[in-house]
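J.: This is the structure I want to talk about, given as structure tokens.
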Amino acid sequence: MLKKFVVNLWSNKNFGWRMTRICALLCACLLGYVMLFEDSFIYFPAKYPEGVWKRDAPRAREGQIVAHIEDVQLTAADGVRLHGWYCTPRVGRAGGALELVEARTTLLFLHGNAGNISHRYEVIGDFMQLPANVLIIDYRGYGKSEGRPSEAGLYADARAAWDYLTTTRAVPADRIIIFGESLGGAVAVDLASQTNACGLVVQSSFTSIADMAGEVLPFVPRFALRTKMDSLSKIASVSCPKLFIHSQADEIIPYRLGRRLFDAAGEPKRFYEVKGAPHNLTYEIGGAPYYEAWRDFIKSSCDAKLR
């Protein structure tokens with residue numbers, strides 16, 4: 001009886017047309033919602049005072065290397081004021097004194113889409129051991145930076161950080177490694193395609209926002225997305241040495257997208273896989289071998305140019 005009722009119901013042309021219109025309207029509303037609130041699906045900023053901002057002055061045992069953090073203020077080309085940290089390695093000496101460690105390489109650290117720079121404090125401490133100086137900025141709308149995030153805005157923020165290093169700090173371009181993790185990988189690829197850095201490191205990143213949307217929002221057509229972050233079309237124009245880092249256990253950004261980006265890149269390049277690391281545990285699970293891969297990359301790219 002129920003089957004017969006359903007068949008008769010759908011055989012009614014008016015009902016079938018009505019249901020088709022309702023489904024089309026629902027799809028249009030859903031698509032409109034995604035387009036209207038697109039940024040909220042991409043950026044997850046933590047604004048100050050959220051985070052861990054209060055840090056005691058660094059102390060170190062004799063021989064221990066710690067991070068000395070200096071607040072920096074930048075201004076992007078469109079006038080948005082940005083906040084960041086310029087971090088240098090210091091080694092503990094007898095009596096509690098801290099001595100600057102010579103670091104010939106500077107990392108321009110472009111973080112992922114969530115949190116702010118204060119959530120990367122521990123990672124910065126690990127990078128001090130390379131040793132390397134680190135400039136990490138909060139994009140507009142993150143941490144203590146002004147504005148609201150957007151694709152063009154993030155690119156402008158990264159450029160402001162590059163100009164700060166090369167102009168204000170007078171760091172030679174051939175001593176700067178542009179490092180982007182996750183969403184920051186797309187920002188890093190864009191910046192590296194326009195500059196002459198000594199190296200580019202892309203960690204747990206993707207080919208494009210359209211490809212990522214296809215993974216999490218497959219019903220959204222590509223033409224409806226304002227944000228492109230199309231690293232795949234830019235990576236071939238990056239001529240400096242490149243290191244790609246990813247894990248097959250990444251549950252957020254598929255490993256195959258990271259490999260596809262690597263495959264599209266020109267030489268010199270290398271791929272380093274962190275086995276068994278979920279997206280947000282790459283550093284912890286990577287451990288000492290992960291940082292050794294960094295040292296090898298710095299030695300073969302930046303240090304080789306300084307000899």
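Residues in the structure tokens are named by chain (A, B, ... in the order shown) and by number from 1 within that chain; ligands are numbered from 1 in the order shown.
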Select from region 245-274 of chain A everything DSSP, run on the backbone, classes as alpha helix (DSSP H), then give the selection as a VMD selection string.
T.: chain A and resid 255 to 264
J.: I'd like the contact shell of Pro89 (chain A) - 8 Å cut-off, only C-alpha atoms, skipping same-chain residues fewer than 5 positions apart - returned as a list in words.
T.: Ile65, Val66, Ala67, His68, Leu100, Val101, Glu102, Ala103, Met128, Gln129, Pro131, Ala132 and Asn133 of chain A
J.: Go ahead and write the residues just picked, C-alpha atoms, as a PDB file, in the first residue's frame.
T.:
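Result went into out13.pdb, see below:
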```pdb
ATOM      1  CA  ILE A  65      69.438  27.382  23.945  1.00  0.00           C
ATOM      2  CA  VAL A  66      66.240  29.385  24.440  1.00  0.00           C
ATOM      3  CA  ALA A  67      64.266  31.946  22.438  1.00  0.00           C
ATOM      4  CA  HIS A  68      64.589  35.661  23.047  1.00  0.00           C
ATOM      5  CA  LEU A 100      73.408  35.452  21.448  1.00  0.00           C
ATOM      6  CA  VAL A 101      73.897  32.441  19.208  1.00  0.00           C
ATOM      7  CA  GLU A 102      75.007  33.168  15.663  1.00  0.00           C
ATOM      8  CA  ALA A 103      72.300  32.032  13.266  1.00  0.00           C
ATOM      9  CA  MET A 128      66.071  27.945  17.971  1.00  0.00           C
ATOM     10  CA  GLN A 129      68.031  24.689  18.237  1.00  0.00           C
ATOM     11  CA  PRO A 131      69.948  27.417  15.148  1.00  0.00           C
ATOM     12  CA  ALA A 132      67.824  29.958  13.277  1.00  0.00           C
ATOM     13  CA  ASN A 133      66.256  33.335  13.823  1.00  0.00           C
TER      14      ASN A 133
END
```
J.: Mind dumping a table of every region 92-211 of chain A residue within 12 Å of region 282-302 of chain A, with the nearest atom pair and its distance in Å to one decimal, using only C-alpha atoms, sorted by chain and rising number, as JSON lines?
T.:
```
{"residue": "A:Ala103", "atom": "CA", "partner": "A:Ile298", "partner_atom": "CA", "distance": 11.2}
{"residue": "A:Arg104", "atom": "CA", "partner": "A:Cys302", "partner_atom": "CA", "distance": 8.5}
{"residue": "A:Thr105", "atom": "CA", "partner": "A:Cys302", "partner_atom": "CA", "distance": 7.2}
{"residue": "A:Thr106", "atom": "CA", "partner": "A:Cys302", "partner_atom": "CA", "distance": 9.9}
{"residue": "A:Leu107", "atom": "CA", "partner": "A:Ile298", "partner_atom": "CA", "distance": 10.3}
{"residue": "A:Arg120", "atom": "CA", "partner": "A:Tyr283", "partner_atom": "CA", "distance": 10.8}
{"residue": "A:Glu122", "atom": "CA", "partner": "A:Tyr283", "partner_atom": "CA", "distance": 9.9}
{"residue": "A:Val123", "atom": "CA", "partner": "A:Tyr283", "partner_atom": "CA", "distance": 7.4}
{"residue": "A:Ile124", "atom": "CA", "partner": "A:Tyr283", "partner_atom": "CA", "distance": 10.8}
{"residue": "A:Gly125", "atom": "CA", "partner": "A:Tyr283", "partner_atom": "CA", "distance": 11.7}
{"residue": "A:Asp126", "atom": "CA", "partner": "A:Tyr291", "partner_atom": "CA", "distance": 8.3}
{"residue": "A:Phe127", "atom": "CA", "partner": "A:Tyr291", "partner_atom": "CA", "distance": 7.9}
{"residue": "A:Met128", "atom": "CA", "partner": "A:Tyr291", "partner_atom": "CA", "distance": 10.6}
{"residue": "A:Gln129", "atom": "CA", "partner": "A:Tyr291", "partner_atom": "CA", "distance": 8.8}
{"residue": "A:Leu130", "atom": "CA", "partner": "A:Arg295", "partner_atom": "CA", "distance": 6.4}
{"residue": "A:Pro131", "atom": "CA", "partner": "A:Arg295", "partner_atom": "CA", "distance": 8.7}
{"residue": "A:Ala132", "atom": "CA", "partner": "A:Ile298", "partner_atom": "CA", "distance": 9.7}
{"residue": "A:Pro172", "atom": "CA", "partner": "A:Cys302", "partner_atom": "CA", "distance": 10.9}
{"residue": "A:Ala173", "atom": "CA", "partner": "A:Cys302", "partner_atom": "CA", "distance": 9.9}
{"residue": "A:Asp174", "atom": "CA", "partner": "A:Cys302", "partner_atom": "CA", "distance": 6.5}
{"residue": "A:Arg175", "atom": "CA", "partner": "A:Cys302", "partner_atom": "CA", "distance": 5.9}
{"residue": "A:Ile176", "atom": "CA", "partner": "A:Cys302", "partner_atom": "CA", "distance": 7.9}
{"residue": "A:Ile177", "atom": "CA", "partner": "A:Cys302", "partner_atom": "CA", "distance": 8.1}
{"residue": "A:Ile178", "atom": "CA", "partner": "A:Ile298", "partner_atom": "CA", "distance": 11.6}
{"residue": "A:Phe179", "atom": "CA", "partner": "A:Trp294", "partner_atom": "CA", "distance": 10.9}
{"residue": "A:Glu181", "atom": "CA", "partner": "A:Thr282", "partner_atom": "CA", "distance": 10.1}
{"residue": "A:Ser182", "atom": "CA", "partner": "A:Thr282", "partner_atom": "CA", "distance": 10.9}
{"residue": "A:Asn196", "atom": "CA", "partner": "A:Cys302", "partner_atom": "CA", "distance": 11.7}
{"residue": "A:Ala197", "atom": "CA", "partner": "A:Cys302", "partner_atom": "CA", "distance": 9.0}
{"residue": "A:Cys198", "atom": "CA", "partner": "A:Cys302", "partner_atom": "CA", "distance": 5.4}
{"residue": "A:Gly199", "atom": "CA", "partner": "A:Ser301", "partner_atom": "CA", "distance": 6.5}
{"residue": "A:Leu200", "atom": "CA", "partner": "A:Ser301", "partner_atom": "CA", "distance": 9.7}
{"residue": "A:Val201", "atom": "CA", "partner": "A:Trp294", "partner_atom": "CA", "distance": 9.0}
{"residue": "A:Val202", "atom": "CA", "partner": "A:Trp294", "partner_atom": "CA", "distance": 11.6}
{"residue": "A:Gln203", "atom": "CA", "partner": "A:Thr282", "partner_atom": "CA", "distance": 8.8}
{"residue": "A:Ser204", "atom": "CA", "partner": "A:Thr282", "partner_atom": "CA", "distance": 8.5}
```
J.: Where in region 90-170 of chain A does DSSP assign strand (DSSP E or B), given as a PyMOL selection string?
T.: chain A and resi 90-92+98-100+106-110+114-115+133-137+143
J.: Counting only C-alpha atoms, what is within 9 Å of region 143-158 of chain A, bar same-chain residues fewer than 2 positions away, as a VMD selection string?
T.: chain A and resid 39 43 45 to 51 73 to 78 80 to 84 108 110 115 to 118 137 to 141 160 to 163 184 187 to 188 190 to 191 226 to 229
J.: What does the distance between CA of Val274 (chain A) and CA of His111 (chain A) come to in Å, to one decimal place?
T.: 18.4 Å
J.: Using only C-alpha atoms, which residues sit within 9 Å of region 231-235 of chain A once same-chain residues fewer than 3 positions away are excluded, as a CSV table (one decimal) with N, CA and C atoms, in the first residue's frame?
T.:
```
chain,number,residue,atom,x,y,z
A,185,GLY,N,51.0,27.5,4.1
A,185,GLY,CA,51.8,27.0,2.9
A,185,GLY,C,51.4,27.7,1.7
A,186,ALA,N,50.1,28.0,1.5
A,186,ALA,CA,49.6,28.7,0.3
A,186,ALA,C,50.2,30.1,0.3
A,187,VAL,N,50.2,30.7,1.5
A,187,VAL,CA,50.7,32.1,1.6
A,187,VAL,C,52.2,32.1,1.3
A,189,VAL,N,53.9,29.9,-0.6
A,189,VAL,CA,54.2,29.7,-2.0
A,189,VAL,C,54.0,30.9,-2.8
A,190,ASP,N,52.9,31.7,-2.5
A,190,ASP,CA,52.7,33.0,-3.2
A,190,ASP,C,53.9,33.9,-3.0
A,192,ALA,N,57.0,33.2,-2.1
A,192,ALA,CA,58.2,32.6,-2.7
A,192,ALA,C,58.2,32.8,-4.2
A,193,SER,N,57.0,32.8,-4.8
A,193,SER,CA,57.0,33.0,-6.3
A,193,SER,C,57.3,34.4,-6.7
A,206,PHE,N,48.2,22.3,0.8
A,206,PHE,CA,47.3,21.8,-0.2
A,206,PHE,C,47.6,22.4,-1.5
A,207,THR,N,46.9,21.9,-2.6
A,207,THR,CA,47.1,22.4,-3.9
A,207,THR,C,46.3,23.7,-4.1
A,208,SER,N,45.1,23.8,-3.7
A,208,SER,CA,44.2,25.0,-3.8
A,208,SER,C,43.0,24.8,-2.9
A,209,ILE,N,42.4,26.0,-2.6
A,209,ILE,CA,41.2,26.0,-1.8
A,209,ILE,C,40.1,25.2,-2.5
A,228,LYS,N,40.9,31.5,-3.7
A,228,LYS,CA,41.5,30.6,-4.7
A,228,LYS,C,42.7,29.9,-4.0
A,238,VAL,N,58.4,28.9,-8.6
A,238,VAL,CA,59.3,29.1,-7.4
A,238,VAL,C,60.6,28.3,-7.8
A,239,SER,N,61.7,29.1,-7.9
A,239,SER,CA,63.0,28.5,-8.4
A,239,SER,C,63.9,28.1,-7.3
A,260,ARG,N,50.8,16.0,-4.7
A,260,ARG,CA,50.5,16.6,-6.0
A,260,ARG,C,51.2,17.9,-6.1
A,261,LEU,N,51.2,18.7,-5.0
A,261,LEU,CA,51.9,20.0,-5.1
A,261,LEU,C,53.4,19.8,-5.3
A,262,PHE,N,54.0,18.8,-4.6
A,262,PHE,CA,55.4,18.4,-4.7
A,262,PHE,C,55.7,18.0,-6.2
A,264,ALA,N,54.3,18.9,-8.8
A,264,ALA,CA,54.2,20.0,-9.8
A,264,ALA,C,55.4,21.0,-9.6
A,265,ALA,N,56.1,20.9,-8.6
A,265,ALA,CA,57.2,21.8,-8.3
A,265,ALA,C,58.5,21.4,-9.2
A,266,GLY,N,59.2,22.4,-9.5
A,266,GLY,CA,60.5,22.1,-10.2
A,266,GLY,C,61.6,21.8,-9.3
```
J.: Out of A:Leu98, A:Ile245, A:Val52, A:Val134, which residue has the shortest atom-to-atom distance to Ile69 (chain A) when counting only C-alpha atoms?
T.: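 Between A:Leu98, A:Ile245, A:Val52, A:Val134, the residue approaching Ile69 (chain A) most closely is A:Val134.
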J.: Please list as a ChimeraX atom specification every residue within 8 Å of Arg270 (chain A), counting only C-alpha atoms and excluding residues in the same chain fewer than 2 positions away.
T.: /A:242-244,268,272
J.: Have a look at CA of Glu70 (chain A) and CA of Gln194 (chain A) and let me know their distance in Å, one decimal.
T.: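 Distance reported for this atom pair: 27.2 Å.
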J.: Would you pick out the contacts of Gly96 (chain A) at 10 Å or less, using only C-alpha atoms, so that residues sharing its chain but fewer than 5 positions from it are not included, and give the list as a list of chain:residue names?
T.: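 Those residues are A:Arg59, A:Ala60, A:Arg61, A:Glu62, A:Val91.
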